[in-house]
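What follows is a single structure, written as structure tokens, with notes after it.
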Amino acid sequence: MKTRKIRIALTAVLLGATTVMAKDIRTAVFKVPQMTCENCVKKINNNIRFEKGMKKFDTDLKTKTVTITYDADKTDIEKLKEGFRKFHYEAEFVEESKQADKK
């Protein structure tokens, strides 16, 4: 019986610890001057998706922006900019926001 109580207590502690360690999810907006046509959008979509930590992204040809949601524990702004350089595009960092923790 004592072993069972200890096991239950340990489980509760472990479950509590996992809820405290929330992921650091952020969204960054980049201006991409080279994005001038639908082929440019396809080039970005086909290449940027493979960057480490990428959660989702959206390209907007009209504003020439790419909005990227990513795990900040796995990547950062500079690494994402380097991802664009891999396929010869320059991405200018515009802004970043942190996703609110969900409880």
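Letters A, B, ... mark the chains of the structure tokens in the order given; residue numbers begin at 1 per chain; ligand numbers begin at 1, in order shown.
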
Need the shell around region 71-74 of chain A: protein/DNA/RNA residues with any atom at most 9 Å away, counting only C-alpha atoms. Skip same-chain ones fewer than 5 positions apart. Format as a PDB file with C-alpha atoms, in the first residue's frame?
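What landed in around.pdb:
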ATOM      1  CA  LYS A  23       7.068  25.173 -25.280  1.00  0.00           C
ATOM      2  CA  ASP A  24       8.363  28.580 -26.308  1.00  0.00           C
ATOM      3  CA  ILE A  25       6.325  29.051 -29.489  1.00  0.00           C
ATOM      4  CA  ARG A  26       6.860  32.331 -31.348  1.00  0.00           C
ATOM      5  CA  THR A  27       5.677  33.941 -34.552  1.00  0.00           C
ATOM      6  CA  LYS A  52      14.315  22.973 -37.858  1.00  0.00           C
ATOM      7  CA  GLY A  53      11.691  24.066 -35.328  1.00  0.00           C
ATOM      8  CA  MET A  54       9.183  25.154 -37.970  1.00  0.00           C
ATOM      9  CA  LYS A  55       5.560  24.766 -36.861  1.00  0.00           C
TER      10      LYS A  55
END

Query - Contact residues around Cys37 (chain A) with only C-alpha atoms at 12 Å, ignoring same-chain residues under 6 positions, as a list in words - result: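 Counting only C-alpha atoms, the residues come to Lys43, Ile44, Thr59, Asp60, Leu61, Lys62, Thr63 and Lys64 of chain A.
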
Need the shell around Asn47 (chain A): protein/DNA/RNA residues with any atom at most 9 Å away, counting only C-alpha atoms. Skip same-chain ones fewer than 5 positions apart. Format as a short mmCIF file (atom, residue, chain, number, x, y, z; two decimals) with N, CA, C and O atoms, in the first residue's frame?
data_model
loop_
_atom_site.label_atom_id
_atom_site.label_comp_id
_atom_site.auth_asym_id
_atom_site.auth_seq_id
_atom_site.Cartn_x
_atom_site.Cartn_y
_atom_site.Cartn_z
N LYS A 42 6.15 29.59 -54.42
CA LYS A 42 6.38 28.14 -54.44
C LYS A 42 7.79 27.81 -53.97
O LYS A 42 8.00 26.84 -53.23
N GLY A 83 18.04 30.18 -43.25
CA GLY A 83 17.24 29.26 -44.04
C GLY A 83 16.83 29.87 -45.38
O GLY A 83 16.86 29.20 -46.41
N PHE A 84 16.47 31.15 -45.38
CA PHE A 84 16.15 31.84 -46.63
C PHE A 84 17.39 31.97 -47.52
O PHE A 84 17.30 31.80 -48.73
N LYS A 86 19.76 29.97 -47.83
CA LYS A 86 20.08 28.68 -48.46
C LYS A 86 19.54 28.60 -49.88
O LYS A 86 20.11 27.94 -50.74
N PHE A 87 18.40 29.26 -50.14
CA PHE A 87 17.87 29.26 -51.51
C PHE A 87 17.93 30.67 -52.13
O PHE A 87 17.15 31.05 -52.99
#

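With CA of Lys31 (chain A) on one side and CA of Thr65 (chain A) on the other, the separation reads 4.5 Å.
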
Requested in this report: Would you kindly return, as a list in words, each protein, DNA or RNA residue with an atom no farther than 8 Å from any atom of Ala91 (chain A), considering only C-alpha atoms and excluding same-chain residues fewer than 2 positions away?
Outcome: Phe30, Lys31, Val32, Pro33, Lys81, Phe84, Arg85, Tyr89 and Phe93 of chain A

Query raised in the report: Near Ile68 (chain A), counting only C-alpha atoms, which residues have an atom at most 7 Å away, once you skip same-chain residues fewer than 2 positions from it, shown as a VMD selection string?
Result: chain A and resid 27 to 29 56 to 58 66 70

Report task. Apply DSSP to the backbone of this structure and, from region 36-96 of chain A, keep only the residues in helix (DSSP H, G or I); write these as a ChimeraX atom specification. Result -> /A:38-48,77-86

Residues of the last selection are to be written out with N, CA and C atoms, as a PDB file, in the first residue's frame.
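Final file, part.pdb:
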ATOM      1  N   GLU A  38       4.182  34.101 -58.239  1.00  0.00           N
ATOM      2  CA  GLU A  38       3.732  32.822 -57.666  1.00  0.00           C
ATOM      3  C   GLU A  38       4.859  31.789 -57.629  1.00  0.00           C
ATOM      4  N   ASN A  39       5.781  31.836 -58.587  1.00  0.00           N
ATOM      5  CA  ASN A  39       6.909  30.910 -58.564  1.00  0.00           C
ATOM      6  C   ASN A  39       7.810  31.174 -57.365  1.00  0.00           C
ATOM      7  N   CYS A  40       7.945  32.436 -56.992  1.00  0.00           N
ATOM      8  CA  CYS A  40       8.727  32.786 -55.800  1.00  0.00           C
ATOM      9  C   CYS A  40       8.064  32.216 -54.549  1.00  0.00           C
ATOM     10  N   VAL A  41       6.750  32.327 -54.495  1.00  0.00           N
ATOM     11  CA  VAL A  41       5.992  31.784 -53.363  1.00  0.00           C
ATOM     12  C   VAL A  41       6.219  30.279 -53.278  1.00  0.00           C
ATOM     13  N   LYS A  42       6.154  29.588 -54.416  1.00  0.00           N
ATOM     14  CA  LYS A  42       6.382  28.142 -54.437  1.00  0.00           C
ATOM     15  C   LYS A  42       7.794  27.805 -53.973  1.00  0.00           C
ATOM     16  N   LYS A  43       8.760  28.604 -54.414  1.00  0.00           N
ATOM     17  CA  LYS A  43      10.156  28.364 -54.018  1.00  0.00           C
ATOM     18  C   LYS A  43      10.302  28.483 -52.500  1.00  0.00           C
ATOM     19  N   ILE A  44       9.701  29.498 -51.927  1.00  0.00           N
ATOM     20  CA  ILE A  44       9.760  29.685 -50.473  1.00  0.00           C
ATOM     21  C   ILE A  44       9.044  28.530 -49.770  1.00  0.00           C
ATOM     22  N   ASN A  45       7.823  28.235 -50.214  1.00  0.00           N
ATOM     23  CA  ASN A  45       7.036  27.164 -49.582  1.00  0.00           C
ATOM     24  C   ASN A  45       7.744  25.815 -49.642  1.00  0.00           C
ATOM     25  N   ASN A  46       8.409  25.547 -50.752  1.00  0.00           N
ATOM     26  CA  ASN A  46       9.073  24.252 -50.923  1.00  0.00           C
ATOM     27  C   ASN A  46      10.385  24.141 -50.154  1.00  0.00           C
ATOM     28  N   ASN A  47      10.948  25.255 -49.735  1.00  0.00           N
ATOM     29  CA  ASN A  47      12.246  25.221 -49.068  1.00  0.00           C
ATOM     30  C   ASN A  47      12.201  25.548 -47.580  1.00  0.00           C
ATOM     31  N   ILE A  48      11.440  26.534 -47.196  1.00  0.00           N
ATOM     32  CA  ILE A  48      11.476  27.000 -45.793  1.00  0.00           C
ATOM     33  C   ILE A  48      10.831  25.976 -44.852  1.00  0.00           C
ATOM     34  N   ILE A  77      15.600  33.648 -34.857  1.00  0.00           N
ATOM     35  CA  ILE A  77      15.457  34.550 -35.996  1.00  0.00           C
ATOM     36  C   ILE A  77      16.630  34.408 -36.965  1.00  0.00           C
ATOM     37  N   GLU A  78      17.843  34.405 -36.449  1.00  0.00           N
ATOM     38  CA  GLU A  78      19.029  34.320 -37.312  1.00  0.00           C
ATOM     39  C   GLU A  78      19.087  33.003 -38.086  1.00  0.00           C
ATOM     40  N   LYS A  79      18.722  31.920 -37.452  1.00  0.00           N
ATOM     41  CA  LYS A  79      18.722  30.624 -38.139  1.00  0.00           C
ATOM     42  C   LYS A  79      17.641  30.592 -39.228  1.00  0.00           C
ATOM     43  N   LEU A  80      16.506  31.218 -38.963  1.00  0.00           N
ATOM     44  CA  LEU A  80      15.457  31.282 -39.971  1.00  0.00           C
ATOM     45  C   LEU A  80      15.903  32.134 -41.161  1.00  0.00           C
ATOM     46  N   LYS A  81      16.567  33.257 -40.881  1.00  0.00           N
ATOM     47  CA  LYS A  81      17.095  34.093 -41.961  1.00  0.00           C
ATOM     48  C   LYS A  81      18.118  33.316 -42.789  1.00  0.00           C
ATOM     49  N   GLU A  82      18.932  32.517 -42.114  1.00  0.00           N
ATOM     50  CA  GLU A  82      19.901  31.671 -42.810  1.00  0.00           C
ATOM     51  C   GLU A  82      19.179  30.646 -43.687  1.00  0.00           C
ATOM     52  N   GLY A  83      18.037  30.183 -43.245  1.00  0.00           N
ATOM     53  CA  GLY A  83      17.236  29.256 -44.043  1.00  0.00           C
ATOM     54  C   GLY A  83      16.831  29.871 -45.379  1.00  0.00           C
ATOM     55  N   PHE A  84      16.473  31.146 -45.378  1.00  0.00           N
ATOM     56  CA  PHE A  84      16.148  31.838 -46.626  1.00  0.00           C
ATOM     57  C   PHE A  84      17.391  31.966 -47.517  1.00  0.00           C
ATOM     58  N   ARG A  85      18.525  32.243 -46.903  1.00  0.00           N
ATOM     59  CA  ARG A  85      19.763  32.395 -47.674  1.00  0.00           C
ATOM     60  C   ARG A  85      20.170  31.097 -48.371  1.00  0.00           C
ATOM     61  N   LYS A  86      19.764  29.967 -47.833  1.00  0.00           N
ATOM     62  CA  LYS A  86      20.083  28.678 -48.461  1.00  0.00           C
ATOM     63  C   LYS A  86      19.543  28.601 -49.883  1.00  0.00           C
TER      64      LYS A  86
END

Requested in this report: For each of A:Thr69, A:Ala22, A:His88, A:Asp76, take the minimum atom-to-atom distance to Met35 (chain A), counting only C-alpha atoms, then give the residue where this is smallest.
Outcome: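 When distances to Met35 (chain A) are compared using only C-alpha atoms, the smallest one comes from A:His88.
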
Report task. List every residue of region 19-73 of chain A that DSSP, applied to the backbone, labels as strand (DSSP E or B), and write the result as a PyMOL selection string. Result -> chain A and resi 25-31+54-60+65-71

Write the residues of the preceding selection, restricted to N, CA and C atoms, as a compact mmCIF listing (two decimals), in the first residue's frame.
# COMPACT_ATOMS: atom_id res chain seq x y z
N ILE A 25 6.77 28.91 -28.11
CA ILE A 25 6.32 29.05 -29.49
C ILE A 25 6.22 30.54 -29.82
N ARG A 26 6.86 30.93 -30.93
CA ARG A 26 6.86 32.33 -31.35
C ARG A 26 6.45 32.45 -32.80
N THR A 27 6.03 33.65 -33.17
CA THR A 27 5.68 33.94 -34.55
C THR A 27 6.49 35.14 -35.00
N ALA A 28 7.17 34.99 -36.13
CA ALA A 28 8.00 36.06 -36.68
C ALA A 28 7.53 36.40 -38.08
N VAL A 29 7.61 37.68 -38.41
CA VAL A 29 7.26 38.15 -39.74
C VAL A 29 8.53 38.62 -40.43
N PHE A 30 8.71 38.17 -41.67
CA PHE A 30 9.86 38.54 -42.48
C PHE A 30 9.39 39.18 -43.77
N LYS A 31 10.07 40.25 -44.17
CA LYS A 31 9.83 40.88 -45.48
C LYS A 31 10.81 40.23 -46.44
N MET A 54 10.30 24.56 -37.25
CA MET A 54 9.18 25.15 -37.97
C MET A 54 7.87 24.48 -37.55
N LYS A 55 6.89 25.28 -37.20
CA LYS A 55 5.56 24.77 -36.86
C LYS A 55 4.58 25.01 -38.01
N LYS A 56 4.53 26.23 -38.50
CA LYS A 56 3.70 26.57 -39.65
C LYS A 56 4.20 27.89 -40.23
N PHE A 57 3.78 28.16 -41.46
CA PHE A 57 4.17 29.41 -42.09
C PHE A 57 3.11 29.83 -43.10
N ASP A 58 3.13 31.11 -43.44
CA ASP A 58 2.18 31.66 -44.39
C ASP A 58 2.92 32.68 -45.25
N THR A 59 2.79 32.56 -46.56
CA THR A 59 3.40 33.52 -47.46
C THR A 59 2.31 34.43 -48.02
N ASP A 60 2.64 35.72 -48.14
CA ASP A 60 1.70 36.70 -48.67
C ASP A 60 2.41 37.48 -49.77
N THR A 65 5.56 39.24 -47.59
CA THR A 65 5.93 38.82 -46.25
C THR A 65 5.74 37.31 -46.08
N VAL A 66 6.53 36.78 -45.17
CA VAL A 66 6.40 35.38 -44.75
C VAL A 66 6.26 35.40 -43.23
N THR A 67 5.19 34.83 -42.72
CA THR A 67 4.95 34.74 -41.29
C THR A 67 5.22 33.30 -40.88
N ILE A 68 6.14 33.14 -39.92
CA ILE A 68 6.58 31.82 -39.50
C ILE A 68 6.31 31.62 -38.02
N THR A 69 5.64 30.54 -37.68
CA THR A 69 5.46 30.13 -36.28
C THR A 69 6.46 29.01 -36.03
N TYR A 70 7.26 29.17 -34.97
CA TYR A 70 8.35 28.23 -34.73
C TYR A 70 8.57 27.99 -33.25
N ASP A 71 9.28 26.91 -32.95
CA ASP A 71 9.66 26.55 -31.59
C ASP A 71 11.00 27.22 -31.28
